[in-house]
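What follows is a short report on a single structure.
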Amino acid sequence: MTAASSRHLTLITGASRGLGRAMAEQLLQAGHTVLGISRKQDPQLAEAAKAAGAELTQWEQDLSDPVAASARVSAWLKGLDGQRFDGVTLINNAGTVGNPAPLSGAVGTELSLALRIGLEAPMLLTAAFLGATREWRGARKVLNISSGLGRNAMGSQAPYCASKAGMDHFSRAVALEEAAAPNGARIVSLAPGIIDTDMQVQLRGASAENFPDRTRFVSMKEEGRLDSPASAAAKVLTYLARADFGNNSVADVRDPA
């Protein structure tokens, strides 16, 4: 680990594609040490790390088993010398929209999977991160990637809406806990805007019968209203670096500084 890359450590879930991959690449370019947690490793991300001279670790880890994932994160962090880092951040980015459909027609296994990945995994990973880094000297941050759908309901998206709303509210609760702790972590559940990712492809490709709002997502694509992953990542990371990060535990990337 080089002196330049050792100052900041960032853990990112869903780091192999979309917003997560774009954030990982930009953090590597900035010299961060990055742990990417995804279902598959990304060779291009490894090349980006090599080009930047930054350290990247990639795990193939299924977040549908959040107990195992959080235990692995806890053990890994406890094995590091935390005193060498000026800052350490957990970015809970991974999520899934599943198959859009009314809850009355939901498949039980799919519904459970969506909630484990979208809400249970971020909570368990946050708990592991906070516990393992409690005595570290550097600034500690948790960035939860939320969504406008956690704040404004949409039919046929109950699991995703519930996961993001739960993410917002557990962030509020943890922010209160950490505010009272020595070197408490700063936590924000952040809506990143509307991004042209695989999730958008899923929503546009959903059945109009099961997902009446499908045309809304088709229109956003046709009208060029979707942000690119790279552009959205830059905005999210700019928010993460703000001096007032954590003042509002539930926020939007478009909020003024």
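Labeling convention for the structure tokens: chains A, B, ... as they appear, residues from 1 per chain, ligands from 1 in order of appearance.
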| task | Based on DSSP run over this structure's backbone, return all residues of region 33-139 of chain A in strand (DSSP E or B), as a list in words. | result |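 Residues of region 33-139 of chain A classed as strand (DSSP E or B): Thr33, Val34, Leu35, Gly36, Ile37, Ser38, Leu56, Thr57, Gln58, Trp59, Glu60, Gly87, Val88, Thr89, Leu90, Ile91, Asn92 and Ala139 of chain A.
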| task | Could you give me, as a PyMOL selection string, the residues within 12 Å of Ala51 (chain A), counting only C-alpha atoms and dropping anything in the same chain fewer than 4 positions from it? | result | chain A and resi 25-26+28-31+44-47+55-56
Proximity of region 87-175 of chain A to region 65-75 of chain A: per-residue shortest pair, 7 Å limit, only C-alpha atoms, as JSON lines:
{"residue": "A:Glu120", "atom": "CA", "partner": "A:Pro66", "partner_atom": "CA", "distance": 6.7}
{"residue": "A:Ala121", "atom": "CA", "partner": "A:Pro66", "partner_atom": "CA", "distance": 4.7}
{"residue": "A:Leu124", "atom": "CA", "partner": "A:Ser70", "partner_atom": "CA", "distance": 5.8}
{"residue": "A:Leu125", "atom": "CA", "partner": "A:Ser70", "partner_atom": "CA", "distance": 4.8}
{"residue": "A:Ala128", "atom": "CA", "partner": "A:Ser74", "partner_atom": "CA", "distance": 5.1}
{"residue": "A:Phe129", "atom": "CA", "partner": "A:Ser74", "partner_atom": "CA", "distance": 6.3}
{"residue": "A:Ala132", "atom": "CA", "partner": "A:Ser74", "partner_atom": "CA", "distance": 5.7}
Could you pull the residues within 10 Å of Asn92 (chain A), counting only C-alpha atoms, minus those fewer than 3 positions along the same chain, as an mmCIF file with all heavy atoms, in the first residue's frame?
data_model
loop_
_atom_site.group_PDB
_atom_site.id
_atom_site.type_symbol
_atom_site.label_atom_id
_atom_site.label_comp_id
_atom_site.auth_asym_id
_atom_site.auth_seq_id
_atom_site.Cartn_x
_atom_site.Cartn_y
_atom_site.Cartn_z
ATOM 1 N N LEU A 11 -15.104 1.463 1.072
ATOM 2 C CA LEU A 11 -15.754 0.194 0.761
ATOM 3 C C LEU A 11 -17.024 0.511 -0.026
ATOM 4 O O LEU A 11 -17.815 1.362 0.394
ATOM 5 C CB LEU A 11 -16.131 -0.561 2.038
ATOM 6 C CG LEU A 11 -15.012 -1.078 2.963
ATOM 7 C CD1 LEU A 11 -14.301 0.048 3.692
ATOM 8 C CD2 LEU A 11 -15.583 -2.062 3.979
ATOM 9 N N ILE A 12 -17.230 -0.167 -1.158
ATOM 10 C CA ILE A 12 -18.396 0.090 -2.007
ATOM 11 C C ILE A 12 -19.070 -1.229 -2.370
ATOM 12 O O ILE A 12 -18.413 -2.143 -2.886
ATOM 13 C CB ILE A 12 -18.006 0.804 -3.319
ATOM 14 C CG1 ILE A 12 -17.165 2.048 -3.060
ATOM 15 C CG2 ILE A 12 -19.257 1.179 -4.107
ATOM 16 C CD1 ILE A 12 -16.712 2.731 -4.346
ATOM 17 N N THR A 13 -20.368 -1.311 -2.147
ATOM 18 C CA THR A 13 -21.114 -2.475 -2.634
ATOM 19 C C THR A 13 -21.670 -2.176 -4.026
ATOM 20 O O THR A 13 -21.901 -1.025 -4.381
ATOM 21 C CB THR A 13 -22.271 -2.838 -1.689
ATOM 22 O OG1 THR A 13 -23.240 -1.781 -1.679
ATOM 23 C CG2 THR A 13 -21.766 -3.079 -0.279
ATOM 24 N N GLY A 14 -21.851 -3.229 -4.806
ATOM 25 C CA GLY A 14 -22.331 -3.049 -6.177
ATOM 26 C C GLY A 14 -21.325 -2.285 -7.024
ATOM 27 O O GLY A 14 -21.691 -1.435 -7.834
ATOM 28 N N ALA A 15 -20.038 -2.618 -6.857
ATOM 29 C CA ALA A 15 -18.964 -1.819 -7.464
ATOM 30 C C ALA A 15 -18.587 -2.242 -8.877
ATOM 31 O O ALA A 15 -17.695 -1.639 -9.464
ATOM 32 C CB ALA A 15 -17.718 -1.880 -6.582
ATOM 33 N N GLY A 20 -22.074 2.352 -8.949
ATOM 34 C CA GLY A 20 -21.037 1.840 -8.063
ATOM 35 C C GLY A 20 -19.690 1.729 -8.746
ATOM 36 O O GLY A 20 -18.653 2.109 -8.188
ATOM 37 N N ILE A 37 -17.244 -4.650 -3.469
ATOM 38 C CA ILE A 37 -18.000 -5.849 -3.115
ATOM 39 C C ILE A 37 -19.120 -6.023 -4.133
ATOM 40 O O ILE A 37 -20.033 -5.197 -4.218
ATOM 41 C CB ILE A 37 -18.588 -5.732 -1.693
ATOM 42 C CG1 ILE A 37 -17.472 -5.455 -0.672
ATOM 43 C CG2 ILE A 37 -19.359 -6.986 -1.325
ATOM 44 C CD1 ILE A 37 -17.982 -5.132 0.724
ATOM 45 N N THR A 89 -14.658 5.134 4.654
ATOM 46 C CA THR A 89 -16.052 5.331 4.236
ATOM 47 C C THR A 89 -16.658 4.023 3.753
ATOM 48 O O THR A 89 -16.010 3.258 3.029
ATOM 49 C CB THR A 89 -16.131 6.362 3.095
ATOM 50 O OG1 THR A 89 -15.607 7.613 3.544
ATOM 51 C CG2 THR A 89 -17.568 6.568 2.634
ATOM 52 N N GLY A 95 -28.364 -2.545 -4.891
ATOM 53 C CA GLY A 95 -29.810 -2.633 -4.713
ATOM 54 C C GLY A 95 -30.426 -3.335 -5.905
ATOM 55 O O GLY A 95 -29.741 -3.636 -6.898
ATOM 56 N N GLY A 118 -31.676 -4.932 -0.487
ATOM 57 C CA GLY A 118 -31.926 -3.503 -0.448
ATOM 58 C C GLY A 118 -31.930 -2.876 0.930
ATOM 59 O O GLY A 118 -31.641 -1.679 1.075
ATOM 60 N N LEU A 119 -32.252 -3.651 1.962
ATOM 61 C CA LEU A 119 -32.358 -3.074 3.301
ATOM 62 C C LEU A 119 -31.553 -3.839 4.349
ATOM 63 O O LEU A 119 -30.788 -3.242 5.107
ATOM 64 C CB LEU A 119 -33.825 -3.007 3.735
ATOM 65 C CG LEU A 119 -34.088 -2.391 5.105
ATOM 66 C CD1 LEU A 119 -33.496 -0.991 5.207
ATOM 67 C CD2 LEU A 119 -35.585 -2.375 5.418
ATOM 68 N N ALA A 121 -29.029 -5.992 4.021
ATOM 69 C CA ALA A 121 -27.580 -5.950 3.800
ATOM 70 C C ALA A 121 -26.975 -4.597 4.185
ATOM 71 O O ALA A 121 -25.959 -4.556 4.898
ATOM 72 C CB ALA A 121 -27.251 -6.304 2.353
ATOM 73 N N PRO A 122 -27.551 -3.460 3.755
ATOM 74 C CA PRO A 122 -26.975 -2.184 4.193
ATOM 75 C C PRO A 122 -26.956 -2.010 5.707
ATOM 76 O O PRO A 122 -25.995 -1.474 6.266
ATOM 77 C CB PRO A 122 -27.882 -1.139 3.526
ATOM 78 C CG PRO A 122 -28.439 -1.825 2.328
ATOM 79 C CD PRO A 122 -28.607 -3.252 2.743
ATOM 80 N N MET A 123 -28.001 -2.477 6.393
ATOM 81 C CA MET A 123 -28.028 -2.340 7.850
ATOM 82 C C MET A 123 -26.943 -3.182 8.501
ATOM 83 O O MET A 123 -26.210 -2.709 9.387
ATOM 84 C CB MET A 123 -29.394 -2.741 8.407
ATOM 85 C CG MET A 123 -30.485 -1.722 8.182
ATOM 86 S SD MET A 123 -31.966 -2.028 9.191
ATOM 87 C CE MET A 123 -31.361 -1.582 10.808
ATOM 88 N N LEU A 125 -24.170 -4.387 7.109
ATOM 89 C CA LEU A 125 -22.841 -3.897 6.733
ATOM 90 C C LEU A 125 -22.494 -2.624 7.504
ATOM 91 O O LEU A 125 -21.340 -2.432 7.922
ATOM 92 C CB LEU A 125 -22.776 -3.645 5.231
ATOM 93 C CG LEU A 125 -22.814 -4.886 4.351
ATOM 94 C CD1 LEU A 125 -22.941 -4.487 2.879
ATOM 95 C CD2 LEU A 125 -21.568 -5.748 4.554
ATOM 96 N N THR A 126 -23.488 -1.756 7.692
ATOM 97 C CA THR A 126 -23.250 -0.543 8.473
ATOM 98 C C THR A 126 -22.897 -0.895 9.909
ATOM 99 O O THR A 126 -21.965 -0.320 10.498
ATOM 100 C CB THR A 126 -24.489 0.375 8.429
ATOM 101 O OG1 THR A 126 -24.736 0.764 7.081
ATOM 102 C CG2 THR A 126 -24.286 1.620 9.281
ATOM 103 N N VAL A 142 -20.596 6.959 6.484
ATOM 104 C CA VAL A 142 -21.440 5.968 5.817
ATOM 105 C C VAL A 142 -22.316 6.717 4.831
ATOM 106 O O VAL A 142 -23.029 7.654 5.206
ATOM 107 C CB VAL A 142 -22.317 5.179 6.803
ATOM 108 C CG1 VAL A 142 -23.236 4.220 6.045
ATOM 109 C CG2 VAL A 142 -21.460 4.419 7.810
ATOM 110 N N LEU A 143 -22.251 6.320 3.570
ATOM 111 C CA LEU A 143 -23.091 6.907 2.522
ATOM 112 C C LEU A 143 -24.016 5.823 1.994
ATOM 113 O O LEU A 143 -23.560 4.853 1.388
ATOM 114 C CB LEU A 143 -22.219 7.454 1.395
ATOM 115 C CG LEU A 143 -22.959 7.969 0.151
ATOM 116 C CD1 LEU A 143 -23.896 9.108 0.503
ATOM 117 C CD2 LEU A 143 -21.973 8.398 -0.923
ATOM 118 N N ASN A 144 -25.296 5.977 2.253
ATOM 119 C CA ASN A 144 -26.296 5.045 1.742
ATOM 120 C C ASN A 144 -26.928 5.645 0.485
ATOM 121 O O ASN A 144 -27.439 6.767 0.519
ATOM 122 C CB ASN A 144 -27.381 4.801 2.795
ATOM 123 C CG ASN A 144 -26.879 3.982 3.968
ATOM 124 O OD1 ASN A 144 -26.058 3.077 3.788
ATOM 125 N ND2 ASN A 144 -27.358 4.286 5.159
ATOM 126 N N ILE A 145 -26.873 4.900 -0.614
ATOM 127 C CA ILE A 145 -27.466 5.384 -1.861
ATOM 128 C C ILE A 145 -28.958 5.065 -1.842
ATOM 129 O O ILE A 145 -29.379 3.924 -1.974
ATOM 130 C CB ILE A 145 -26.784 4.764 -3.088
ATOM 131 C CG1 ILE A 145 -25.289 5.098 -3.088
ATOM 132 C CG2 ILE A 145 -27.452 5.261 -4.372
ATOM 133 C CD1 ILE A 145 -24.974 6.590 -3.137
ATOM 134 N N SER A 146 -29.744 6.122 -1.663
ATOM 135 C CA SER A 146 -31.190 5.985 -1.544
ATOM 136 C C SER A 146 -31.845 6.259 -2.896
ATOM 137 O O SER A 146 -31.247 6.053 -3.954
ATOM 138 C CB SER A 146 -31.697 6.939 -0.454
ATOM 139 O OG SER A 146 -33.071 6.748 -0.228
ATOM 140 N N MET A 167 -34.022 2.502 4.486
ATOM 141 C CA MET A 167 -32.648 2.995 4.488
ATOM 142 C C MET A 167 -32.592 4.433 5.006
ATOM 143 O O MET A 167 -31.727 4.789 5.816
ATOM 144 C CB MET A 167 -32.064 2.900 3.074
ATOM 145 C CG MET A 167 -30.682 3.489 2.912
ATOM 146 S SD MET A 167 -30.077 3.307 1.216
ATOM 147 C CE MET A 167 -29.488 1.622 1.264
ATOM 148 N N SER A 189 -28.184 9.227 3.968
ATOM 149 C CA SER A 189 -28.912 8.457 2.967
ATOM 150 C C SER A 189 -29.233 9.424 1.837
ATOM 151 O O SER A 189 -30.051 10.337 2.005
ATOM 152 C CB SER A 189 -30.182 7.859 3.578
ATOM 153 O OG SER A 189 -30.801 6.950 2.702
#
| query | Rounded to one decimal in Å, what is the spacing between CA of Arg151 (chain A) and CA of Thr10 (chain A)? | reply |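 So the answer is 26.9 Å.
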